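Chemist: One structure is given below, represented as structure tokens, and several questions about it will come after.
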Amino acid sequence: GIVIIHGHTDIIGEAENNSELSVARANAVRRIIEKSLANADRTDITFQVYGFGEDESLAPFGNRYPEERFYNRTVIIDVIPGKK
């Protein structure tokens, strides 16, 4: 299977820093999942990691209100099962 991890940030801060932060956030989640898979002796998973930073066209929520920005500091995980 394939696990696709999308890291996001809000619009607060410098764009370059937010881009790096979104990639770091997504890679932290990848490491957690990889460790769990290794404990289960699973080696059949491929990862794709993307950091979208503060790109508002890809943000899951708006950035106008603090509550929206809070939810944009997130990682979205898509799991595509492998063929049997």
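To be explicit about the labels: the chains of the structure tokens are called A, B, and onward in the order shown, and within each one the residues are counted from 1, while ligands get numbers from 1 in the order they are shown.
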Quick one: everything within 12 Å of Glu68 in chain A, counting only C-alpha atoms, minus sequence neighbours fewer than 6 positions away in the same chain. Send it as a list in words.
Modeler: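 Answer for this query is Thr9, Asp10, Ile11, Ile12, Glu56, Ala59, Pro60, Phe61, Gly62 and Thr74 of chain A.
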Chemist: Could you take the residues named above and write them with N, CA, C and O atoms, as a PDB file, in the first residue's frame?
Modeler:
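The resulting file, result-v5.pdb, is reproduced below:
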```pdb
ATOM      1  N   THR A   9       0.507  24.273   7.342  1.00  0.00           N
ATOM      2  CA  THR A   9       0.674  25.274   8.388  1.00  0.00           C
ATOM      3  C   THR A   9      -0.363  26.372   8.157  1.00  0.00           C
ATOM      4  O   THR A   9      -1.050  26.387   7.141  1.00  0.00           O
ATOM      5  N   ASP A  10      -0.434  27.298   9.103  1.00  0.00           N
ATOM      6  CA  ASP A  10      -1.280  28.463   8.890  1.00  0.00           C
ATOM      7  C   ASP A  10      -0.455  29.545   8.193  1.00  0.00           C
ATOM      8  O   ASP A  10       0.672  29.298   7.771  1.00  0.00           O
ATOM      9  N   ILE A  11      -1.003  30.752   8.084  1.00  0.00           N
ATOM     10  CA  ILE A  11      -0.315  31.824   7.346  1.00  0.00           C
ATOM     11  C   ILE A  11       0.556  32.700   8.238  1.00  0.00           C
ATOM     12  O   ILE A  11       1.175  33.639   7.755  1.00  0.00           O
ATOM     13  N   ILE A  12       0.625  32.390   9.519  1.00  0.00           N
ATOM     14  CA  ILE A  12       1.441  33.178  10.446  1.00  0.00           C
ATOM     15  C   ILE A  12       2.913  32.804  10.237  1.00  0.00           C
ATOM     16  O   ILE A  12       3.259  31.631  10.176  1.00  0.00           O
ATOM     17  N   GLU A  56      -2.738  28.613   0.709  1.00  0.00           N
ATOM     18  CA  GLU A  56      -4.161  28.705   1.043  1.00  0.00           C
ATOM     19  C   GLU A  56      -5.053  27.935   0.078  1.00  0.00           C
ATOM     20  O   GLU A  56      -6.150  27.522   0.450  1.00  0.00           O
ATOM     21  N   ALA A  59      -5.032  24.544   1.727  1.00  0.00           N
ATOM     22  CA  ALA A  59      -5.315  24.499   3.164  1.00  0.00           C
ATOM     23  C   ALA A  59      -6.680  23.866   3.419  1.00  0.00           C
ATOM     24  O   ALA A  59      -7.647  24.150   2.709  1.00  0.00           O
ATOM     25  N   PRO A  60      -6.784  23.015   4.441  1.00  0.00           N
ATOM     26  CA  PRO A  60      -8.066  22.386   4.735  1.00  0.00           C
ATOM     27  C   PRO A  60      -9.096  23.367   5.288  1.00  0.00           C
ATOM     28  O   PRO A  60     -10.295  23.125   5.196  1.00  0.00           O
ATOM     29  N   PHE A  61      -8.652  24.484   5.856  1.00  0.00           N
ATOM     30  CA  PHE A  61      -9.547  25.482   6.438  1.00  0.00           C
ATOM     31  C   PHE A  61      -9.088  26.876   6.008  1.00  0.00           C
ATOM     32  O   PHE A  61      -8.013  27.043   5.472  1.00  0.00           O
ATOM     33  N   GLY A  62      -9.891  27.874   6.306  1.00  0.00           N
ATOM     34  CA  GLY A  62      -9.509  29.250   6.031  1.00  0.00           C
ATOM     35  C   GLY A  62      -8.431  29.702   7.002  1.00  0.00           C
ATOM     36  O   GLY A  62      -8.006  28.952   7.873  1.00  0.00           O
ATOM     37  N   THR A  74      -1.760  21.142  10.678  1.00  0.00           N
ATOM     38  CA  THR A  74      -2.184  19.748  10.690  1.00  0.00           C
ATOM     39  C   THR A  74      -1.448  18.904   9.661  1.00  0.00           C
ATOM     40  O   THR A  74      -0.705  19.405   8.830  1.00  0.00           O
TER      41      THR A  74
END
```
Chemist: So that I can see what lies close to Arg30 in chain A, please list as a list in words the residues with an atom at most 8 Å from it, counting only C-alpha atoms and leaving out residues fewer than 6 positions away in the same chain.
Modeler: Ile5, Phe47 and Val49 of chain A
Chemist: Rank nothing, just name the residue among A:Asp78, A:Glu67, A:Glu54, A:Glu34 nearest to Ala15 in chain A, using only C-alpha atoms.
Modeler: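 Of A:Asp78, A:Glu67, A:Glu54, A:Glu34, the one nearest Ala15 in chain A is A:Glu54, counting only C-alpha atoms.
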Chemist: May I have the residues within 6 Å of Gly1 in chain A as an MDAnalysis selection string, using only C-alpha atoms and disregarding those fewer than 6 positions away in the same chain?
Modeler: chainID A and resid 45 80:82
Chemist: Give the answer as one residue: which of A:Arg69, A:Ile76, A:Gly53, A:Thr43 has the shortest atom-to-atom distance to Glu14 in chain A, using only C-alpha atoms?
Modeler: A:Gly53
